[in-house]
file upload.csv (CSV, C-alpha atoms)
chain,number,residue,atom,x,y,z
A,1361,MET,CA,-7.5,-22.9,2.2
A,1362,SER,CA,-4.0,-24.2,2.4
A,1363,GLU,CA,-1.0,-21.9,2.0
A,1364,PRO,CA,0.1,-23.0,-1.5
A,1365,MET,CA,-3.3,-21.9,-2.9
A,1366,GLN,CA,-2.9,-18.2,-1.8
A,1367,PRO,CA,-1.4,-16.9,-5.0
A,1368,THR,CA,-4.8,-17.5,-6.8
A,1369,GLN,CA,-6.9,-15.6,-4.3
A,1370,ASN,CA,-6.3,-12.1,-5.6
A,1371,MET,CA,-7.2,-12.1,-9.2
A,1372,SER,CA,-5.5,-9.7,-11.7
A,1373,ALA,CA,-5.7,-9.2,-15.4
A,1374,SER,CA,-2.6,-11.4,-15.9
A,1375,ASP,CA,-4.3,-14.2,-14.0
A,1376,ASP,CA,-7.1,-14.5,-16.6
A,1377,ILE,CA,-5.2,-17.2,-18.4
A,1378,PRO,CA,-7.0,-19.5,-20.9
A,1379,LEU,CA,-7.2,-23.0,-19.6
A,1380,ALA,CA,-5.7,-24.2,-22.9
A,1381,HIS,CA,-2.5,-22.4,-22.1
A,1382,LEU,CA,-1.9,-24.5,-18.9
A,1383,PRO,CA,-0.3,-28.0,-18.9
A,1384,LEU,CA,-3.5,-29.6,-17.8
A,1385,ARG,CA,-4.4,-33.2,-18.5
A,1386,PRO,CA,-6.4,-33.6,-21.7
A,1387,SER,CA,-9.4,-35.1,-19.7
A,1388,THR,CA,-9.3,-32.1,-17.4
A,1389,LEU,CA,-9.3,-29.6,-20.2
A,1390,GLN,CA,-12.1,-31.4,-22.0
A,1391,THR,CA,-14.2,-31.5,-18.8
A,1392,PHE,CA,-14.1,-27.7,-18.4
A,1393,GLU,CA,-14.4,-26.8,-22.1
A,1394,LYS,CA,-17.5,-29.0,-22.6
A,1395,ARG,CA,-19.2,-26.9,-19.9
A,1396,GLY,CA,-18.2,-23.6,-21.4
A,1397,PHE,CA,-15.2,-22.8,-19.1
A,1398,VAL,CA,-12.3,-21.4,-21.2
A,1399,SER,CA,-10.3,-19.4,-18.6
A,1400,TRP,CA,-9.3,-19.5,-15.0
A,1401,ARG,CA,-11.3,-16.4,-14.2
A,1402,GLU,CA,-14.5,-18.2,-15.2
A,1403,VAL,CA,-13.7,-21.2,-13.1
A,1404,HIS,CA,-12.7,-18.9,-10.2
A,1405,ASP,CA,-15.9,-16.9,-10.4
A,1406,ALA,CA,-18.0,-20.1,-10.5
A,1407,LYS,CA,-16.1,-21.5,-7.5
A,1408,GLN,CA,-17.2,-18.4,-5.4
A,1409,GLY,CA,-20.7,-19.8,-5.4
A,1410,GLY,CA,-19.4,-22.9,-3.6
A,1411,MET,CA,-17.8,-26.1,-4.7
A,1412,PRO,CA,-21.2,-28.0,-4.9
A,1413,SER,CA,-22.4,-25.4,-7.4
A,1414,LEU,CA,-19.3,-25.8,-9.6
A,1415,ALA,CA,-19.6,-29.6,-9.4
A,1416,GLU,CA,-23.2,-29.4,-10.6
A,1417,GLU,CA,-22.1,-27.2,-13.6
A,1418,LEU,CA,-19.3,-29.7,-14.4
A,1419,GLN,CA,-21.6,-32.6,-13.8
A,1420,VAL,CA,-19.0,-34.3,-11.5
A,1421,SER,CA,-18.9,-35.1,-7.8
A,1422,VAL,CA,-17.8,-32.4,-5.3
A,1423,SER,CA,-14.5,-34.2,-4.6
A,1424,ASP,CA,-13.8,-34.5,-8.3
A,1425,ALA,CA,-14.5,-30.8,-8.8
A,1426,ALA,CA,-12.2,-29.9,-6.0
A,1427,SER,CA,-9.4,-32.1,-7.5
A,1428,LEU,CA,-9.9,-30.4,-10.9
A,1429,VAL,CA,-9.7,-26.9,-9.4
A,1430,ARG,CA,-6.6,-28.0,-7.4
A,1431,GLU,CA,-5.0,-29.2,-10.7
A,1432,ILE,CA,-5.5,-25.8,-12.3
A,1433,GLN,CA,-4.1,-23.9,-9.2
A,1434,ASN,CA,-1.0,-26.1,-9.2
A,1435,CYS,CA,-0.5,-25.3,-12.9
A,1436,LEU,CA,-1.0,-21.6,-12.2
A,1437,GLU,CA,1.6,-21.6,-9.5
A,1438,THR,CA,4.2,-23.2,-11.8
A,1439,ASP,CA,3.3,-20.8,-14.6
A,1440,SER,CA,3.6,-17.8,-12.2
A,1441,LYS,CA,7.1,-18.9,-11.1
A,1442,ASP,CA,8.1,-19.4,-14.8
A,1443,ARG,CA,6.9,-15.9,-15.6
A,1444,VAL,CA,8.8,-14.3,-12.8
A,1445,THR,CA,12.0,-16.1,-14.0
A,1446,ASP,CA,11.3,-15.0,-17.6
A,1447,GLU,CA,10.6,-11.4,-16.7
A,1448,SER,CA,13.8,-11.1,-14.5
A,1449,SER,CA,15.9,-12.5,-17.3
A,1450,ALA,CA,14.3,-10.5,-20.1
A,1451,ILE,CA,16.6,-7.5,-19.5
A,1452,ARG,CA,19.6,-9.7,-20.0
A,1453,ILE,CA,18.6,-11.2,-23.4
A,1454,GLY,CA,19.3,-8.1,-25.5
A,1455,VAL,CA,22.6,-8.5,-27.4
A,1456,SER,CA,24.2,-6.8,-30.4
A,1457,ALA,CA,24.4,-8.4,-33.8
A,1458,ALA,CA,28.2,-8.5,-33.4
A,1459,GLU,CA,27.9,-10.5,-30.2
A,1460,LEU,CA,25.6,-12.9,-31.9
A,1461,LEU,CA,28.1,-13.4,-34.7
A,1462,GLN,CA,30.9,-13.9,-32.3
A,1463,GLY,CA,29.0,-16.6,-30.4
A,1464,PHE,CA,28.2,-18.5,-33.6
A,1465,ASP,CA,30.2,-21.6,-33.9
A,1466,LYS,CA,30.8,-22.4,-37.6
A,1467,ASN,CA,31.9,-25.9,-36.7
A,1468,SER,CA,28.8,-26.8,-34.7
A,1469,VAL,CA,26.0,-28.8,-36.2
A,1470,SER,CA,23.1,-26.4,-37.0
A,1471,SER,CA,20.7,-28.6,-38.9
A,1472,ILE,CA,19.3,-32.1,-39.2
A,1473,ILE,CA,20.4,-33.7,-42.4
A,1474,THR,CA,17.7,-35.3,-44.6
A,1475,PHE,CA,19.9,-37.7,-46.5
A,1476,CYS,CA,18.6,-36.2,-49.7
A,1477,ARG,CA,21.7,-34.5,-51.1
A,1478,ALA,CA,19.9,-31.9,-53.3
A,1479,VAL,CA,17.5,-30.9,-50.5
A,1480,ASP,CA,20.3,-30.6,-47.9
A,1481,GLN,CA,22.3,-28.4,-50.3
A,1482,MET,CA,19.2,-26.2,-50.9
A,1483,LEU,CA,18.5,-25.8,-47.2
A,1484,GLY,CA,22.2,-25.1,-46.3
A,1485,GLY,CA,22.7,-28.5,-44.6
A,1486,GLY,CA,19.2,-29.7,-43.7
A,1487,ILE,CA,16.3,-28.7,-41.4
A,1488,GLY,CA,17.6,-25.8,-39.3
A,1489,LEU,CA,17.8,-26.0,-35.5
A,1490,GLY,CA,16.4,-23.2,-33.4
A,1491,GLU,CA,13.6,-22.4,-35.8
A,1492,MET,CA,10.2,-23.6,-37.1
A,1493,THR,CA,9.9,-25.2,-40.6
A,1494,GLU,CA,6.6,-25.9,-42.3
A,1495,VAL,CA,6.2,-28.6,-44.8
A,1496,SER,CA,3.0,-28.5,-46.9
A,1497,GLY,CA,1.7,-30.2,-49.9
A,1498,LEU,CA,-1.3,-32.0,-51.4
A,1499,PRO,CA,-2.1,-35.6,-50.3
A,1500,GLY,CA,0.4,-38.1,-51.6
A,1501,THR,CA,3.4,-35.7,-51.9
A,1502,GLY,CA,5.2,-37.4,-49.0
A,1503,LYS,CA,4.7,-35.0,-46.0
A,1504,THR,CA,4.4,-37.7,-43.4
A,1505,GLN,CA,7.3,-39.6,-45.0
A,1506,TRP,CA,9.4,-36.5,-44.4
A,1507,GLY,CA,8.3,-36.3,-40.8
A,1508,MET,CA,9.2,-39.9,-40.1
A,1509,GLN,CA,12.5,-39.7,-42.0
A,1510,LEU,CA,13.6,-36.7,-40.0
A,1511,ALA,CA,12.6,-38.3,-36.8
A,1512,VAL,CA,14.9,-41.2,-37.7
A,1513,ASP,CA,17.7,-38.8,-38.9
A,1514,ALA,CA,17.6,-36.9,-35.6
A,1515,ARG,CA,19.2,-39.8,-33.8
A,1516,LEU,CA,22.3,-39.7,-36.1
A,1517,PRO,CA,25.5,-39.7,-34.0
A,1518,VAL,CA,27.5,-36.4,-33.7
A,1519,ASP,CA,30.6,-38.2,-35.2
A,1520,PHE,CA,28.6,-38.8,-38.4
A,1521,GLY,CA,27.3,-35.2,-38.8
A,1522,GLY,CA,24.1,-35.7,-36.8
A,1523,VAL,CA,22.6,-34.0,-33.8
A,1524,GLN,CA,22.3,-37.2,-31.7
A,1525,GLY,CA,18.9,-36.3,-30.3
A,1526,GLU,CA,15.4,-37.7,-29.8
A,1527,THR,CA,12.1,-36.7,-31.3
A,1528,ILE,CA,8.6,-35.8,-30.1
A,1529,TYR,CA,6.1,-36.8,-32.8
A,1530,ILE,CA,2.6,-35.4,-32.3
A,1531,ASP,CA,0.3,-37.5,-34.6
A,1532,ALA,CA,-3.0,-35.8,-35.2
A,1533,GLU,CA,-4.0,-37.8,-38.3
A,1534,GLY,CA,-3.1,-41.3,-37.2
A,1535,SER,CA,-0.7,-41.6,-40.1
A,1536,PHE,CA,2.5,-42.4,-38.1
A,1537,ALA,CA,3.6,-45.9,-39.1
A,1538,PRO,CA,6.1,-47.5,-36.8
A,1539,GLU,CA,6.8,-50.3,-39.3
A,1540,ARG,CA,7.7,-47.7,-41.9
A,1541,CYS,CA,10.0,-46.0,-39.4
A,1542,LEU,CA,11.7,-49.3,-38.7
A,1543,MET,CA,12.4,-49.7,-42.5
A,1544,MET,CA,13.9,-46.2,-42.5
A,1545,ALA,CA,16.0,-46.8,-39.4
A,1546,SER,CA,17.3,-50.1,-40.6
A,1547,SER,CA,18.2,-48.6,-44.0
A,1548,LEU,CA,20.1,-45.7,-42.2
A,1549,VAL,CA,22.1,-48.2,-40.0
A,1550,LYS,CA,22.9,-50.3,-43.1
A,1551,HIS,CA,23.9,-47.2,-45.1
A,1552,LEU,CA,26.4,-46.0,-42.4
A,1553,SER,CA,27.7,-49.5,-41.8
A,1554,SER,CA,28.3,-50.0,-45.6
A,1555,GLY,CA,30.1,-46.6,-45.7
A,1556,LEU,CA,32.4,-47.6,-42.9
A,1557,ARG,CA,33.3,-50.9,-44.7
A,1558,LYS,CA,34.3,-49.0,-47.8
A,1559,ARG,CA,36.7,-46.8,-45.8
A,1560,ASN,CA,39.9,-47.9,-44.1
A,1561,ARG,CA,39.8,-50.0,-41.0
A,1562,HIS,CA,40.8,-47.0,-38.8
A,1563,ALA,CA,37.5,-45.3,-39.6
A,1564,THR,CA,35.1,-44.4,-36.7
A,1565,ASN,CA,32.9,-47.3,-35.8
A,1566,LEU,CA,29.2,-47.0,-35.2
A,1567,PRO,CA,28.2,-46.5,-31.6
A,1568,HIS,CA,26.9,-49.7,-30.0
A,1569,TRP,CA,23.6,-48.0,-29.2
A,1570,PHE,CA,23.0,-46.9,-32.8
A,1571,THR,CA,20.6,-49.7,-33.8
A,1572,SER,CA,17.2,-49.6,-35.5
A,1573,ASP,CA,15.4,-50.5,-32.2
A,1574,GLU,CA,17.2,-47.8,-30.3
A,1575,ILE,CA,16.4,-45.2,-33.0
A,1576,LEU,CA,12.7,-46.1,-32.7
A,1577,GLY,CA,13.0,-46.0,-28.9
A,1578,GLY,CA,14.0,-42.3,-29.2
A,1579,ILE,CA,10.8,-41.3,-31.1
A,1580,HIS,CA,8.1,-40.3,-28.6
A,1581,VAL,CA,4.7,-40.5,-30.3
A,1582,PHE,CA,1.7,-38.6,-28.9
A,1583,ARG,CA,-1.5,-39.6,-30.7
A,1584,VAL,CA,-4.1,-36.8,-30.4
A,1585,HIS,CA,-7.7,-37.3,-31.4
A,1586,ASP,CA,-9.0,-33.7,-31.0
A,1587,GLU,CA,-8.0,-30.1,-30.9
A,1588,ALA,CA,-8.2,-29.9,-27.0
A,1589,THR,CA,-5.9,-32.9,-26.6
A,1590,GLN,CA,-3.4,-31.5,-29.2
A,1591,THR,CA,-3.4,-28.1,-27.5
A,1592,ALA,CA,-2.8,-29.8,-24.1
A,1593,VAL,CA,0.1,-31.9,-25.4
A,1594,ILE,CA,1.8,-28.8,-27.0
A,1595,TYR,CA,1.6,-26.9,-23.7
A,1596,SER,CA,3.0,-29.9,-21.8
A,1597,LEU,CA,6.1,-30.0,-24.0
A,1598,PRO,CA,8.3,-27.7,-21.9
A,1599,HIS,CA,8.1,-30.1,-18.9
A,1600,PHE,CA,8.7,-33.2,-21.1
A,1601,ILE,CA,11.7,-31.7,-22.9
A,1602,GLN,CA,13.3,-30.6,-19.6
A,1603,LYS,CA,12.7,-34.0,-18.0
A,1604,GLN,CA,14.3,-35.7,-21.1
A,1605,LEU,CA,17.2,-33.3,-20.9
A,1606,GLU,CA,17.8,-34.2,-17.2
A,1607,GLU,CA,17.5,-38.0,-17.9
A,1608,SER,CA,20.0,-37.8,-20.8
A,1609,THR,CA,22.5,-35.9,-18.7
A,1610,LYS,CA,22.5,-38.7,-16.1
A,1611,ASP,CA,22.7,-41.5,-18.7
A,1612,ASN,CA,26.3,-42.6,-19.4
A,1613,THR,CA,25.2,-45.2,-21.9
A,1614,HIS,CA,24.1,-42.6,-24.5
A,1615,LYS,CA,20.9,-44.5,-25.0
A,1616,ARG,CA,19.0,-41.4,-23.9
A,1617,ALA,CA,19.4,-38.1,-25.6
A,1618,PRO,CA,17.9,-34.6,-25.4
A,1619,ILE,CA,15.0,-33.7,-27.7
A,1620,LYS,CA,16.3,-32.2,-30.9
A,1621,LEU,CA,13.1,-32.4,-33.1
A,1622,ILE,CA,9.4,-31.8,-32.7
A,1623,VAL,CA,7.1,-33.0,-35.5
A,1624,ILE,CA,3.5,-32.0,-35.6
A,1625,ASP,CA,1.6,-34.1,-38.2
A,1626,SER,CA,-0.5,-32.1,-38.9
A,1627,MET,CA,-1.2,-28.7,-37.3
A,1628,ALA,CA,-4.3,-28.0,-39.4
A,1629,PHE,CA,-6.1,-31.4,-39.1
A,1630,HIS,CA,-8.1,-30.8,-35.9
A,1631,HIS,CA,-8.3,-27.0,-36.3
A,1632,ARG,CA,-10.0,-27.4,-39.7
A,1633,ALA,CA,-12.5,-29.9,-38.3
A,1634,SER,CA,-14.1,-27.4,-36.0
A,1635,GLY,CA,-17.9,-27.0,-36.1
A,1636,PRO,CA,-19.9,-24.1,-37.5
A,1637,ALA,CA,-20.2,-22.5,-34.0
A,1638,THR,CA,-16.4,-22.1,-33.7
A,1639,ASP,CA,-15.1,-18.7,-32.7
A,1640,TYR,CA,-12.4,-18.3,-35.4
A,1641,ILE,CA,-10.9,-15.3,-33.9
A,1642,GLN,CA,-10.3,-17.1,-30.6
A,1643,ARG,CA,-9.0,-20.1,-32.6
A,1644,THR,CA,-6.5,-18.0,-34.5
A,1645,GLN,CA,-5.3,-16.4,-31.2
A,1646,SER,CA,-4.9,-19.9,-29.6
A,1647,LEU,CA,-3.0,-21.1,-32.7
A,1648,MET,CA,-0.6,-18.1,-32.5
A,1649,ARG,CA,0.0,-18.7,-28.8
A,1650,GLN,CA,1.0,-22.3,-29.6
A,1651,VAL,CA,3.3,-21.1,-32.4
A,1652,SER,CA,4.9,-18.7,-30.0
A,1653,LEU,CA,5.5,-21.5,-27.5
A,1654,LEU,CA,7.0,-23.8,-30.2
A,1655,ALA,CA,9.3,-21.0,-31.5
A,1656,SER,CA,10.4,-20.4,-27.9
A,1657,LEU,CA,11.2,-24.0,-27.3
A,1658,ALA,CA,13.1,-24.2,-30.6
A,1659,PHE,CA,15.3,-21.2,-29.5
A,1660,GLN,CA,15.8,-22.2,-25.9
A,1661,HIS,CA,16.7,-25.8,-26.5
A,1662,ASN,CA,18.3,-25.4,-29.9
A,1663,LEU,CA,15.9,-27.9,-31.5
A,1664,ALA,CA,14.0,-28.1,-34.8
A,1665,VAL,CA,10.3,-27.8,-35.0
A,1666,LEU,CA,8.8,-29.4,-38.2
A,1667,VAL,CA,5.1,-28.6,-38.7
A,1668,ILE,CA,3.3,-30.4,-41.4
A,1669,ASN,CA,0.4,-28.5,-43.0
A,1670,GLN,CA,-2.4,-29.3,-45.3
A,1671,MET,CA,-3.4,-27.4,-48.4
A,1672,THR,CA,-6.6,-25.4,-49.0
A,1673,THR,CA,-8.2,-23.6,-52.0
A,1674,LYS,CA,-7.9,-19.8,-52.1
A,1675,VAL,CA,-10.4,-18.0,-54.4
A,1676,LEU,CA,-8.6,-15.2,-56.2
A,1677,SER,CA,-10.0,-11.8,-56.7
A,1678,ASN,CA,-10.6,-10.4,-60.2
A,1679,ASN,CA,-7.3,-8.4,-60.0
A,1680,ALA,CA,-5.3,-11.4,-58.9
A,1681,ILE,CA,-6.5,-13.8,-61.7
A,1682,SER,CA,-3.7,-14.4,-64.2
A,1683,ALA,CA,-4.6,-13.6,-67.8
A,1684,SER,CA,-2.4,-16.4,-69.1
A,1685,THR,CA,-3.9,-19.2,-66.9
A,1686,ASP,CA,-7.4,-17.7,-66.3
A,1687,GLU,CA,-7.4,-19.5,-62.9
A,1688,SER,CA,-10.0,-18.3,-60.4
A,1689,SER,CA,-8.4,-20.2,-57.5
A,1690,ARG,CA,-5.3,-21.9,-56.4
A,1691,SER,CA,-4.0,-24.3,-53.7
A,1692,VAL,CA,-2.2,-22.7,-50.8
A,1693,PRO,CA,-1.0,-23.9,-47.4
A,1694,ALA,CA,-3.8,-23.8,-44.8
A,1695,LEU,CA,-4.3,-21.9,-41.6
A,1696,GLY,CA,-4.2,-18.4,-43.1
A,1697,GLU,CA,-1.9,-15.4,-43.3
A,1698,SER,CA,-1.2,-15.0,-39.6
A,1699,TRP,CA,0.2,-18.5,-39.5
A,1700,ALA,CA,2.2,-17.9,-42.7
A,1701,HIS,CA,4.1,-15.0,-41.0
A,1702,ALA,CA,4.7,-17.1,-37.8
A,1703,VAL,CA,6.8,-19.9,-39.3
A,1704,SER,CA,10.4,-19.3,-40.2
A,1705,THR,CA,10.8,-21.5,-43.3
A,1706,ARG,CA,8.0,-22.8,-45.6
A,1707,LEU,CA,8.6,-25.7,-47.9
A,1708,LEU,CA,6.1,-26.9,-50.5
A,1709,LEU,CA,6.1,-30.5,-51.7
A,1710,GLN,CA,4.8,-31.3,-55.2
A,1711,GLY,CA,4.4,-34.6,-57.2
A,1712,ASN,CA,3.6,-38.1,-56.2
A,1713,GLY,CA,4.2,-41.7,-57.3
A,1714,SER,CA,7.5,-43.5,-57.7
A,1715,GLY,CA,9.1,-40.7,-59.9
A,1716,PRO,CA,10.9,-37.6,-58.8
A,1717,ARG,CA,9.1,-35.1,-56.6
A,1718,THR,CA,9.9,-31.5,-55.9
A,1719,CYS,CA,10.6,-29.6,-52.7
A,1720,ARG,CA,10.4,-25.8,-53.0
A,1721,ILE,CA,11.3,-23.0,-50.6
A,1722,LEU,CA,8.4,-20.6,-50.4
A,1723,LYS,CA,9.8,-18.5,-47.6
A,1724,SER,CA,13.0,-18.3,-45.6
A,1725,PRO,CA,14.8,-15.5,-43.7
A,1726,ARG,CA,18.2,-17.0,-44.6
A,1727,LEU,CA,17.8,-18.9,-47.9
A,1728,PRO,CA,16.8,-17.8,-51.4
A,1729,ASN,CA,13.8,-19.3,-53.1
A,1730,ALA,CA,14.9,-22.6,-54.8
A,1731,SER,CA,13.7,-26.1,-55.5
A,1732,ALA,CA,15.2,-29.6,-55.3
A,1733,GLU,CA,14.1,-33.0,-56.4
A,1734,TYR,CA,13.6,-36.1,-54.2
A,1735,ARG,CA,12.1,-39.5,-54.2
A,1736,VAL,CA,10.3,-41.7,-51.7
A,1737,VAL,CA,11.7,-45.2,-51.8
A,1738,ASP,CA,11.8,-48.2,-49.5
A,1739,ALA,CA,14.9,-46.8,-47.7
A,1740,GLY,CA,13.0,-43.5,-47.1
A,1741,VAL,CA,13.4,-40.0,-48.6
A,1742,ARG,CA,16.3,-40.0,-50.9
A,1743,ALA,CA,17.8,-38.0,-53.8
A,1744,ALA,CA,16.0,-38.1,-57.2
A,1745,ASP,CA,18.9,-40.2,-58.7
A,1746,TYR,CA,19.0,-42.7,-55.9
A,1747,VAL,CA,19.0,-46.3,-57.0
A,1748,GLU,CA,17.9,-48.9,-54.5
A,1749,LYS,CA,20.0,-52.0,-54.2
A,1750,GLN,CA,18.1,-55.2,-54.8
A,1751,PRO,CA,18.3,-58.0,-52.3
A,1752,GLN,CA,20.8,-60.8,-53.1
A,1753,GLN,CA,18.0,-63.2,-53.9
A,1754,GLN,CA,16.5,-60.8,-56.5
A,1755,ARG,CA,19.9,-60.2,-58.1
A,1756,ASP,CA,20.5,-64.0,-58.4
A,1757,LYS,CA,17.1,-64.4,-60.1
A,1758,GLY,CA,18.1,-61.6,-62.5
A,1759,VAL,CA,21.4,-63.3,-63.4
A,1760,GLN,CA,19.7,-66.6,-63.9
A,1761,SER,CA,17.2,-64.9,-66.2
A,1762,LYS,CA,19.9,-63.4,-68.3
A,1763,ARG,CA,21.7,-66.7,-68.6
A,1764,ALA,CA,18.5,-68.4,-69.7
A,1765,LYS,CA,18.1,-65.8,-72.5
A,1766,VAL,CA,21.7,-66.3,-73.7
A,1767,THR,CA,21.3,-70.1,-73.9

call {"tool": "encode", "arguments": {"input": "upload.csv", "output": "structure tokens"}}
result
Amino acid sequence: MSEPMQPTQNMSASDDIPLAHLPLRPSTLQTFEKRGFVSWREVHDAKQGGMPSLAEELQVSVSDAASLVREIQNCLETDSKDRVTDESSAIRIGVSAAELLQGFDKNSVSSIITFCRAVDQMLGGGIGLGEMTEVSGLPGTGKTQWGMQLAVDARLPVDFGGVQGETIYIDAEGSFAPERCLMMASSLVKHLSSGLRKRNRHATNLPHWFTSDEILGGIHVFRVHDEATQTAVIYSLPHFIQKQLEESTKDNTHKRAPIKLIVIDSMAFHHRASGPATDYIQRTQSLMRQVSLLASLAFQHNLAVLVINQMTTKVLSNNAISASTDESSRSVPALGESWAHAVSTRLLLQGNGSGPRTCRILKSPRLPNASAEYRVVDAGVRAADYVEKQPQQQRDKGVQSKRAKVT
């Protein structure tokens, strides 16, 4: 065996890594999981019987089986190097609260604004960087609208109070609508341009790269059709984010920017679609490891992670049933208590239709419980009192109609 493969010869407890934790291609992960292989130790043990035996179990050719094993080994080598780096730097990450406070820059942008004034005020400026935020709600409350709106807002230039970043959008439900994003992006560009015209002529101009097309070009969409693919994409994010950071550093045109937002729409969709034979303990552990990775990325790269969640029905015990409402169940965010403790801030959306809707803070380490109203309009997510401007043609028709009534 060649020299690069030697680190995998002597197995240890730390080497028994679930395959889902490695940045494997989705097709590779599915090939092993369909045949019951969930960890590297299982693949390694099967390989001891010879590559033809493993190929027969995987129902692939011997050469394909060797390529699949080589892919896992390459991922293990990369993972091993990363762990050594992390362990060597672990001693240096402990700091005092006073040092953290001194390092905090009050003038730096610490959140992605939503362009809904009441929600931004409630959240202390917007969706916080460096942490995970969950948005949950019943169907029709606007969860995906929030995801797309924030993906557009993340591109806002620094001179206008934005983070000037790009977005990774993991679409599990197939609800991402590029034409809707284009409407939001066009409305954002028009809004800023209109604001500049109202100011004096010395005001900051919009950057030449800040166009609706460039905004959409900075939203990287990953369509995932099953739990295995979603897991593989999440574990591939560190490499993608680092590559994007390197490309943005070399780009002098500012058309490329570092990742500042990760949207997962939704985290629960594929996990809740599991069959009756699902090992729910293993699924919960896998989910928690993914959450840990996302939280680590948020902290290391100072980006926001927005996780959209579905609602489920929780049956109340006799002691928990309210005497005033006599309700035996209620709707709560899905994925259980372990998930609830893992996310930093939890937001609940309520209401639907064209009228005002409500965004409530259910949990936050830095914000009090509160609520704010918003609306979903053609321009995107806006304040409850937002009034959309009619196109000139519609205004002309309205004026003609009024004149006809007068005569």

call {"tool": "closest_residue", "arguments": {"input": "upload.csv", "among": "A:Thr1609, A:Ala1702, A:Glu1491, A:Arg1690", "to": "Ser1652 in chain A", "atoms": "all atoms listed in the file"}}
result
A:Ala1702

call {"tool": "atom_distance", "arguments": {"input": "upload.csv", "atom1": "CA of Gly1555 in chain A", "atom2": "CA of Phe1520 in chain A"}}
result
10.8 Å

call {"tool": "atom_distance", "arguments": {"input": "upload.csv", "atom1": "CA of Ala1658 in chain A", "atom2": "CA of Glu1494 in chain A"}}
result
13.5 Å

call {"tool": "atom_distance", "arguments": {"input": "upload.csv", "atom1": "CA of Leu1389 in chain A", "atom2": "CA of Ala1588 in chain A"}}
result
6.9 Å

call {"tool": "residues_around", "arguments": {"input": "upload.csv", "residues": "Gly1711 in chain A", "least_positions_apart": "5", "cutoff": "12 Å", "atoms": "all atoms listed in the file", "output": "ChimeraX atom specification"}}
result
/A:1497-1503,1716-1720,1733-1736

call {"tool": "residues_near_point", "arguments": {"input": "upload.csv", "point": "(-1.1, -19.9, -29.8)", "cutoff": "12 Å", "atoms": "all atoms listed in the file", "output": "MDAnalysis selection string"}}
result
chainID A and resid 1378 1380:1382 1590:1592 1594:1595 1627 1641:1656 1698:1699 1702

call {"tool": "residues_around", "arguments": {"input": "upload.csv", "residues": "range 1473-1475 of chain A", "least_positions_apart": "5", "cutoff": "9 Å", "atoms": "all atoms listed in the file", "output": "list of chain:residue names"}}
result
A:Asp1480, A:Gly1485, A:Gly1486, A:Ile1487, A:Gly1488, A:Trp1506, A:Gln1509, A:Leu1510, A:Asp1513, A:Ala1514, A:Leu1516, A:Gly1521, A:Gly1522, A:Val1523, A:Val1741, A:Arg1742, A:Ala1743

call {"tool": "write_last_selection", "arguments": {"input": "upload.csv", "atoms": "C-alpha atoms", "output": "compact mmCIF listing (two decimals), in the frame of the given file"}}
result
# COMPACT_ATOMS: atom_id res chain seq x y z
CA ASP A 1480 20.30 -30.60 -47.90
CA GLY A 1485 22.70 -28.50 -44.60
CA GLY A 1486 19.20 -29.70 -43.70
CA ILE A 1487 16.30 -28.70 -41.40
CA GLY A 1488 17.60 -25.80 -39.30
CA TRP A 1506 9.40 -36.50 -44.40
CA GLN A 1509 12.50 -39.70 -42.00
CA LEU A 1510 13.60 -36.70 -40.00
CA ASP A 1513 17.70 -38.80 -38.90
CA ALA A 1514 17.60 -36.90 -35.60
CA LEU A 1516 22.30 -39.70 -36.10
CA GLY A 1521 27.30 -35.20 -38.80
CA GLY A 1522 24.10 -35.70 -36.80
CA VAL A 1523 22.60 -34.00 -33.80
CA VAL A 1741 13.40 -40.00 -48.60
CA ARG A 1742 16.30 -40.00 -50.90
CA ALA A 1743 17.80 -38.00 -53.80

call {"tool": "residues_around", "arguments": {"input": "upload.csv", "residues": "range 1659-1661 of chain A", "least_positions_apart": "6", "cutoff": "9 Å", "atoms": "all atoms listed in the file", "output": "list in words"}}
result
Leu1489, Gly1490, Glu1491, Ile1601, Pro1618, Ile1619 and Lys1620 of chain A

call {"tool": "closest_atom_pairs", "arguments": {"input": "upload.csv", "of": "range 1624-1727 of chain A", "to": "range 1532-1547 of chain A", "cutoff": "9 Å", "atoms": "only C-alpha atoms", "output": "tab-separated table"}}
result
residue	atom	partner	partner_atom	distance
A:Ile1624	CA	A:Ala1532	CA	7.5
A:Asp1625	CA	A:Ala1532	CA	5.7
A:Ser1626	CA	A:Ala1532	CA	5.8
A:Met1627	CA	A:Ala1532	CA	7.6
A:Ala1628	CA	A:Ala1532	CA	9.0
A:Phe1629	CA	A:Ala1532	CA	6.6
A:His1630	CA	A:Ala1532	CA	7.2
